[in-house]
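coords.txt, holding compact mmCIF, C-alpha atoms:
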# COMPACT_ATOMS: atom_id res chain seq x y z
CA MET A 203 0.00 0.00 0.00
CA ILE A 204 2.98 2.31 0.71
CA GLU A 205 6.38 1.90 -0.92
CA MET A 206 9.48 4.06 -0.48
CA LYS A 207 12.64 3.15 -2.39
CA ASN A 208 15.98 4.85 -1.88
CA VAL A 209 14.28 8.11 -0.79
CA THR A 210 16.73 10.88 0.08
CA LYS A 211 15.88 14.47 1.01
CA PHE A 212 18.20 17.44 1.33
CA TYR A 213 17.32 20.88 2.70
CA ASP A 214 20.16 22.91 1.16
CA ASN A 215 23.23 21.10 2.52
CA PHE A 216 21.37 19.30 5.33
CA ARG A 217 20.43 15.69 4.63
CA ALA A 218 17.11 14.99 6.38
CA LEU A 219 16.59 11.49 4.90
CA ASN A 220 19.19 9.10 3.56
CA CYS A 221 18.25 6.23 1.21
CA ILE A 222 15.00 5.26 2.96
CA ASP A 223 13.50 1.91 1.91
CA LEU A 224 10.11 1.06 3.43
CA SER A 225 6.98 -0.88 2.55
CA VAL A 226 3.64 -0.98 4.38
CA GLU A 227 1.07 -3.68 3.69
CA LYS A 228 -2.68 -3.20 3.33
CA GLY A 229 -4.48 -3.17 6.70
CA GLU A 230 -1.28 -2.71 8.67
CA ILE A 231 -0.76 -0.26 11.55
CA LEU A 232 2.85 0.89 11.30
CA GLY A 233 4.46 2.88 14.11
CA LEU A 234 6.94 5.57 13.03
CA LEU A 235 9.37 6.47 15.81
CA GLY A 236 12.42 8.66 16.16
CA PRO A 237 13.85 11.53 18.20
CA ASN A 238 13.11 15.13 17.25
CA GLY A 239 14.83 15.99 13.99
CA ALA A 240 15.23 12.34 12.98
CA GLY A 241 13.30 12.76 9.71
CA LYS A 242 9.81 11.47 10.61
CA THR A 243 7.96 14.61 9.57
CA THR A 244 9.96 14.86 6.34
CA ALA A 245 9.02 11.27 5.48
CA MET A 246 5.33 11.97 6.14
CA ARG A 247 5.41 15.18 4.07
CA ILE A 248 6.91 13.29 1.14
CA LEU A 249 4.27 10.57 1.37
CA THR A 250 1.48 13.16 1.47
CA SER A 251 2.91 14.94 -1.62
CA PHE A 252 3.52 18.06 0.47
CA ILE A 253 7.20 18.20 -0.51
CA PRO A 254 9.23 16.30 -3.13
CA ALA A 255 12.15 14.04 -2.34
CA THR A 256 15.58 14.95 -3.68
CA SER A 257 15.94 11.44 -5.09
CA GLY A 258 14.25 8.04 -4.91
CA THR A 259 10.65 6.98 -5.47
CA ALA A 260 7.56 6.71 -3.28
CA THR A 261 4.10 5.34 -4.03
CA VAL A 262 0.79 5.27 -2.17
CA ALA A 263 -1.86 2.77 -3.30
CA GLY A 264 0.20 2.24 -6.46
CA PHE A 265 0.43 5.93 -7.44
CA ASP A 266 3.67 7.87 -7.51
CA VAL A 267 3.63 10.71 -4.96
CA PHE A 268 5.54 12.98 -7.36
CA GLU A 269 3.96 12.23 -10.73
CA ASP A 270 0.41 11.37 -9.58
CA SER A 271 0.06 13.58 -6.50
CA LEU A 272 -3.65 14.29 -7.04
CA GLU A 273 -4.44 10.57 -7.17
CA VAL A 274 -2.35 10.01 -4.04
CA ARG A 275 -4.25 12.74 -2.17
CA ARG A 276 -7.57 11.18 -3.14
CA ARG A 277 -6.47 7.93 -1.52
CA LEU A 278 -4.79 9.36 1.54
CA GLY A 279 -6.03 11.02 4.74
CA TYR A 280 -3.63 13.06 6.85
CA LEU A 281 -3.94 14.21 10.45
CA PRO A 282 -1.04 16.55 11.29
CA GLU A 283 0.06 17.11 14.88
CA THR A 284 -2.04 20.30 14.97
CA PRO A 285 -5.38 19.48 13.29
CA PRO A 286 -6.30 21.94 10.49
CA LEU A 287 -9.50 23.24 12.12
CA TYR A 288 -11.47 26.47 11.92
CA PRO A 289 -12.58 27.18 15.52
CA GLU A 290 -15.39 29.54 14.50
CA MET A 291 -17.15 26.88 12.39
CA THR A 292 -19.47 24.17 13.63
CA VAL A 293 -18.28 20.59 13.29
CA GLY A 294 -20.94 19.88 10.66
CA SER A 295 -20.18 22.95 8.53
CA TYR A 296 -16.45 22.28 8.75
CA LEU A 297 -16.82 18.69 7.58
CA ASN A 298 -19.15 19.84 4.80
CA PHE A 299 -16.47 22.32 3.72
CA ILE A 300 -13.82 19.57 3.71
CA GLY A 301 -16.19 17.40 1.66
CA GLU A 302 -16.49 20.17 -0.92
CA LEU A 303 -12.70 20.47 -1.10
CA ARG A 304 -12.54 16.70 -1.58
CA GLU A 305 -15.07 17.04 -4.44
CA LEU A 306 -17.60 14.74 -2.82
CA PRO A 307 -21.09 15.04 -4.41
CA ALA A 308 -23.61 16.73 -2.10
CA LYS A 309 -25.68 13.59 -1.46
CA LEU A 310 -22.61 11.42 -0.76
CA ARG A 311 -21.12 14.21 1.36
CA ARG A 312 -24.06 14.20 3.78
CA THR A 313 -23.98 10.42 4.03
CA ARG A 314 -20.22 10.35 4.68
CA ILE A 315 -20.42 13.10 7.31
CA ASP A 316 -23.08 11.20 9.24
CA TYR A 317 -21.24 7.88 8.88
CA VAL A 318 -17.83 9.20 9.96
CA ALA A 319 -19.29 11.29 12.79
CA ASP A 320 -21.16 8.28 14.11
CA ARG A 321 -18.16 5.98 13.82
CA ILE A 322 -15.82 8.22 15.83
CA GLY A 323 -18.35 9.55 18.32
CA LEU A 324 -19.06 12.99 16.89
CA LEU A 325 -22.68 12.65 15.80
CA GLU A 326 -24.09 14.67 18.71
CA SER A 327 -21.33 17.28 18.30
CA LEU A 328 -22.10 18.16 14.65
CA PRO A 329 -24.02 21.37 15.63
CA ARG A 330 -21.34 22.51 18.11
CA VAL A 331 -18.77 25.21 17.40
CA ILE A 332 -15.30 23.67 17.14
CA GLY A 333 -13.79 26.33 19.40
CA THR A 334 -15.97 25.13 22.29
CA LEU A 335 -14.81 21.50 22.06
CA SER A 336 -12.28 19.83 24.35
CA LYS A 337 -8.89 18.90 22.89
CA GLY A 338 -9.95 15.26 22.70
CA TYR A 339 -13.00 16.12 20.60
CA ARG A 340 -10.96 18.43 18.38
CA GLN A 341 -8.68 15.45 17.68
CA ARG A 342 -11.81 13.53 16.72
CA VAL A 343 -12.77 16.30 14.30
CA GLY A 344 -9.26 16.15 12.85
CA LEU A 345 -9.65 12.40 12.38
CA ALA A 346 -13.05 12.95 10.79
CA GLN A 347 -11.64 15.30 8.13
CA ALA A 348 -8.92 12.76 7.35
CA LEU A 349 -11.51 9.97 7.00
CA LEU A 350 -14.25 11.84 5.19
CA HIS A 351 -13.32 10.78 1.65
CA ASN A 352 -12.80 7.14 2.77
CA PRO A 353 -9.06 7.00 2.00
CA GLU A 354 -7.17 3.74 1.70
CA VAL A 355 -4.26 5.13 3.74
CA LEU A 356 -4.25 7.20 6.93
CA ILE A 357 -1.17 9.06 8.18
CA LEU A 358 -1.55 10.21 11.78
CA ASP A 359 1.05 12.51 13.33
CA GLU A 360 0.91 12.53 17.15
CA PRO A 361 -2.87 11.85 17.32
CA THR A 362 -2.87 11.59 21.16
CA VAL A 363 -0.51 14.46 22.07
CA GLY A 364 -1.84 16.59 24.91
CA LEU A 365 -4.78 14.29 25.68
CA ASP A 366 -5.67 12.98 29.12
CA PRO A 367 -5.48 9.20 29.82
CA ASN A 368 -9.18 8.61 29.12
CA GLN A 369 -8.98 10.46 25.81
CA ILE A 370 -5.82 8.54 24.84
CA ILE A 371 -7.62 5.23 25.43
CA GLU A 372 -10.54 6.42 23.29
CA ILE A 373 -8.30 7.51 20.39
CA ARG A 374 -6.29 4.30 20.66
CA GLY A 375 -9.50 2.31 20.31
CA LEU A 376 -10.50 4.39 17.29
CA VAL A 377 -7.16 3.79 15.57
CA LYS A 378 -7.43 0.01 16.09
CA ASP A 379 -10.99 0.05 14.79
CA LEU A 380 -10.00 2.10 11.72
CA ALA A 381 -7.33 -0.47 10.79
CA GLN A 382 -10.14 -2.80 9.72
CA ASP A 383 -10.68 -0.61 6.66
CA HIS A 384 -7.52 1.48 6.32
CA THR A 385 -3.75 1.17 6.26
CA ILE A 386 -2.35 3.40 9.02
CA VAL A 387 1.00 5.04 9.65
CA LEU A 388 1.14 6.33 13.22
CA SER A 389 3.87 8.72 14.32
CA THR A 390 4.07 9.35 18.06
CA HIS A 391 6.44 10.02 20.96
CA ILE A 392 4.23 8.01 23.34
CA LEU A 393 5.97 4.64 23.20
CA PRO A 394 3.32 2.64 25.12
CA GLU A 395 0.82 3.69 22.44
CA VAL A 396 2.99 2.03 19.80
CA SER A 397 3.33 -1.16 21.85
CA MET A 398 -0.44 -1.42 22.28
CA THR A 399 -1.48 -0.32 18.80
CA CYS A 400 1.08 -1.10 16.10
CA GLY A 401 1.90 -4.41 14.44
CA ARG A 402 5.30 -3.21 13.24
CA VAL A 403 7.63 -0.38 14.17
CA VAL A 404 10.05 1.70 12.11
CA ILE A 405 12.69 3.60 14.06
CA ILE A 406 14.39 6.50 12.25
CA ASN A 407 17.55 8.15 13.56
CA GLU A 408 19.55 10.88 11.84
CA GLY A 409 17.60 10.40 8.63
CA GLU A 410 18.17 6.65 8.39
CA ILE A 411 16.04 3.62 9.28
CA VAL A 412 17.82 1.81 12.12
CA ALA A 413 15.16 -0.85 12.80
CA VAL A 414 12.01 -2.34 11.23
CA ASP A 415 10.26 -5.18 13.05
CA SER A 416 7.45 -6.11 15.41
CA VAL A 417 7.63 -4.67 18.91
CA ALA A 418 8.07 -8.16 20.39
CA ASN A 419 11.01 -9.00 18.10
CA LEU A 420 12.73 -5.69 18.76
CA GLU A 421 12.39 -6.20 22.50
CA LYS A 422 13.86 -9.71 22.24
CA THR A 423 16.80 -8.44 20.21
CA VAL A 424 17.73 -5.80 22.78
CA ALA A 425 17.06 -8.00 25.80
CA GLY A 426 20.00 -10.34 25.08
CA LYS A 427 20.28 -13.19 27.58
CA PRO A 428 17.13 -14.36 29.41
CA SER A 429 17.10 -12.52 32.75
CA TRP A 430 15.21 -12.66 36.03
CA LYS A 431 15.04 -10.49 39.11
CA ILE A 432 15.54 -12.83 42.07
CA THR A 433 14.90 -12.41 45.79
CA PHE A 434 16.37 -15.44 47.54
CA LYS A 435 17.04 -16.75 51.05
CA PRO A 436 19.98 -19.22 50.91
CA GLY A 437 19.87 -22.42 52.94
CA ALA A 438 22.21 -22.93 55.90
CA ASN A 439 25.86 -23.10 54.78
CA GLN A 440 24.69 -23.02 51.15
CA ASN A 441 27.25 -21.79 48.63
CA TRP A 442 24.57 -20.56 46.25
CA ARG A 443 26.86 -18.35 44.18
CA GLU A 444 29.17 -21.25 43.34
CA THR A 445 26.15 -23.31 42.28
CA ILE A 446 25.00 -20.57 39.90
CA GLU A 447 28.47 -19.90 38.50
CA LYS A 448 28.80 -23.57 37.49
CA VAL A 449 25.98 -23.08 35.00
CA PRO A 450 27.43 -22.17 31.54
CA ASP A 451 27.06 -18.46 30.64
CA ALA A 452 25.41 -17.64 34.00
CA GLU A 453 25.82 -14.10 35.34
CA ILE A 454 24.88 -12.45 38.65
CA ALA A 455 24.37 -8.67 38.55
CA ASP A 456 23.26 -5.91 40.95
CA LEU A 457 23.67 -8.15 44.00
CA VAL A 458 22.35 -6.74 47.30
CA GLU A 459 22.59 -8.86 50.49
CA THR A 460 20.64 -7.82 53.59
CA ALA A 461 19.60 -9.79 56.70
CA GLY A 462 20.03 -13.20 55.11
CA THR A 463 18.24 -12.25 51.89
CA CYS A 464 19.87 -11.80 48.50
CA GLU A 465 18.47 -9.67 45.69
CA PHE A 466 20.10 -9.87 42.26
CA ILE A 467 19.61 -10.07 38.51
CA LEU A 468 20.25 -13.55 37.13
CA ARG A 469 21.23 -13.91 33.46
CA LEU A 470 21.50 -17.33 31.81
CA GLY A 471 22.55 -18.53 28.39
CA SER A 472 19.11 -20.02 27.80
CA ALA A 473 15.74 -19.98 29.54
CA ASP A 474 15.79 -23.80 29.72
CA ALA A 475 18.70 -23.70 32.19
CA PHE A 476 16.58 -21.96 34.82
CA ASP A 477 14.43 -24.92 35.82
CA GLY A 478 17.40 -27.11 36.71
CA LEU A 479 19.13 -24.34 38.61
CA PHE A 480 15.93 -23.57 40.54
CA ARG A 481 15.62 -27.20 41.65
CA LYS A 482 19.26 -27.37 42.75
CA LEU A 483 19.04 -24.25 44.89
CA ALA A 484 15.68 -25.30 46.38
CA ASP A 485 16.98 -28.80 47.18
CA MET A 486 19.86 -27.17 49.06
CA GLY A 487 17.40 -25.35 51.30
CA GLY A 488 17.14 -22.08 49.38
CA ILE A 489 13.82 -20.22 49.39
CA PHE A 490 12.77 -18.05 46.45
CA THR A 491 10.49 -15.18 47.51
CA GLU A 492 10.47 -13.40 44.14
CA ILE A 493 11.14 -14.50 40.58
CA SER A 494 10.32 -11.86 37.98
CA PRO A 495 11.35 -12.05 34.31
CA VAL A 496 13.29 -8.96 33.25
CA LYS A 497 12.16 -7.88 29.79
CA ALA A 498 13.38 -5.12 27.55
CA THR A 499 10.76 -2.50 26.72
CA LEU A 500 10.22 -0.51 23.55
CA GLU A 501 11.76 2.41 25.43
CA ASP A 502 14.95 0.35 25.92
CA VAL A 503 14.97 -0.44 22.20
CA PHE A 504 14.39 3.19 21.26
CA LEU A 505 17.14 4.51 23.54
CA LYS A 506 19.67 1.95 22.37
CA LEU A 507 19.03 2.52 18.69
CA THR A 508 18.94 6.33 18.87
CA SER A 509 21.63 7.06 21.45
CA GLY A 510 24.55 5.83 19.35
CA GLU A 511 25.21 2.65 21.33
CA GLU A 512 24.16 0.36 18.50
CA ARG A 513 26.37 2.12 16.00
CA LYS A 514 29.34 2.06 18.36
CA GLU A 515 28.89 -1.69 18.83
CA ALA A 516 28.63 -2.22 15.08
CA ALA A 517 31.83 -0.21 14.56

Please go through the file and, once you have read it, give me the structure as structure tokens.
Amino acid sequence: MIEMKNVTKFYDNFRALNCIDLSVEKGEILGLLGPNGAGKTTAMRILTSFIPATSGTATVAGFDVFEDSLEVRRRLGYLPETPPLYPEMTVGSYLNFIGELRELPAKLRRTRIDYVADRIGLLESLPRVIGTLSKGYRQRVGLAQALLHNPEVLILDEPTVGLDPNQIIEIRGLVKDLAQDHTIVLSTHILPEVSMTCGRVVIINEGEIVAVDSVANLEKTVAGKPSWKITFKPGANQNWRETIEKVPDAEIADLVETAGTCEFILRLGSADAFDGLFRKLADMGGIFTEISPVKATLEDVFLKLTSGEERKEAA
């Protein structure tokens, strides 16, 4: 549904994007992540035909964003970080105006306005002036204008920024629901939103794609060895450390010993080795009071890939 091949963008002598290759399948929710200035907004502006790339090609729904920009815009809905709203207009009149700009026939326009407003919870707000709406409802109006012409692709830039937790949950639910009929690219700084919403994640840093994968696979890659947080009471005269160190590739980290209790991070070469080690320590009189798997989060992945650590390791 979306294809970018070798896309590069320069602003004078500054290279904002460098040889970007990306494809997004129909019905997919793709998360677009990166620090400020990484190139996310430039990528979205190229896809929406707002600016041209310096080199490379990009298509949306099979149409070239440079040569067939009008066809691309007919098939694409865009919600920028600040929704393009007119606060003095009512929701209904604003959506009618957007429908006219989208060249929707009058009869179809009325039907689409009612359908979209009902689907995203705006039906009762159609007579209200946009300037009187809460930020959450203004985001809904922004989504409505992006959806009005029933595009195949939706590009959403920070759709939950500035919303309270209840509003974030509502918008998250809307995005998941919309994926039944639309391909969605979601750019956000709220990493938990990506984990709960997106099937795949693209991380951009310094104008280059540094990772493309599912959230689960990215977390596994960064996590390294299987790890557990352990709280443990050794048995009498038990040399528990020696027992652990005999296991191949075992590591003990962040050890704290207080009043006969040990707290530490246990890393093993494989998860299968844990069961045998647990039995050995228990048979020797040890008591486990806490065993918690230590998992990498999307935040860990993001920080590693955008802080330079990954590139230093590769070098």

Pro286 in chain A environment, 12 Å, only C-alpha atoms, sequence neighbours closer than 6 positions dropped, as a compact mmCIF listing (two decimals) with C-alpha atoms, in the coordinates of the input:
# COMPACT_ATOMS: atom_id res chain seq x y z
CA TYR A 280 -3.63 13.06 6.85
CA TYR A 296 -16.45 22.28 8.75
CA LEU A 297 -16.82 18.69 7.58
CA ILE A 300 -13.82 19.57 3.71
CA ILE A 332 -15.30 23.67 17.14
CA ARG A 340 -10.96 18.43 18.38
CA GLN A 341 -8.68 15.45 17.68
CA ARG A 342 -11.81 13.53 16.72
CA VAL A 343 -12.77 16.30 14.30
CA GLY A 344 -9.26 16.15 12.85
CA LEU A 345 -9.65 12.40 12.38
CA ALA A 346 -13.05 12.95 10.79
CA GLN A 347 -11.64 15.30 8.13
CA ALA A 348 -8.92 12.76 7.35

Closest to Asn208 in chain A among A:Thr250, A:Ser509, A:Ser416, A:Thr259, using only C-alpha atoms?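 Among the listed residues, A:Thr259 lies closest to Asn208 in chain A.
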
Nearest residue to Gly229 in chain A out of A:Leu507, A:Val424, A:Ile204, A:Ala498, using all atoms listed in the file?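 Ranking A:Leu507, A:Val424, A:Ile204, A:Ala498 by distance to Gly229 in chain A, first place goes to A:Ile204.
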
Quick one: distance from CA of Val449 in chain A to CA of Glu492 in chain A in Å, one decimal?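 Separation between CA of Val449 in chain A and CA of Glu492 in chain A: 20.4 Å.
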
Using all atoms listed in the file, find all polymer residues with an atom at most 12 Å away from the point (14.0, -7.5, 54.5); report them as a PyMOL selection string. chain A and resi 433-435+458-465+491

Quick one, how far is CA of Val274 in chain A from CA of Asp320 in chain A? 26.2 Å

Residue nearest Thr445 in chain A among A:Ile315, A:Arg481, A:Trp430, A:Ala218 (counting all atoms listed in the file): A:Arg481
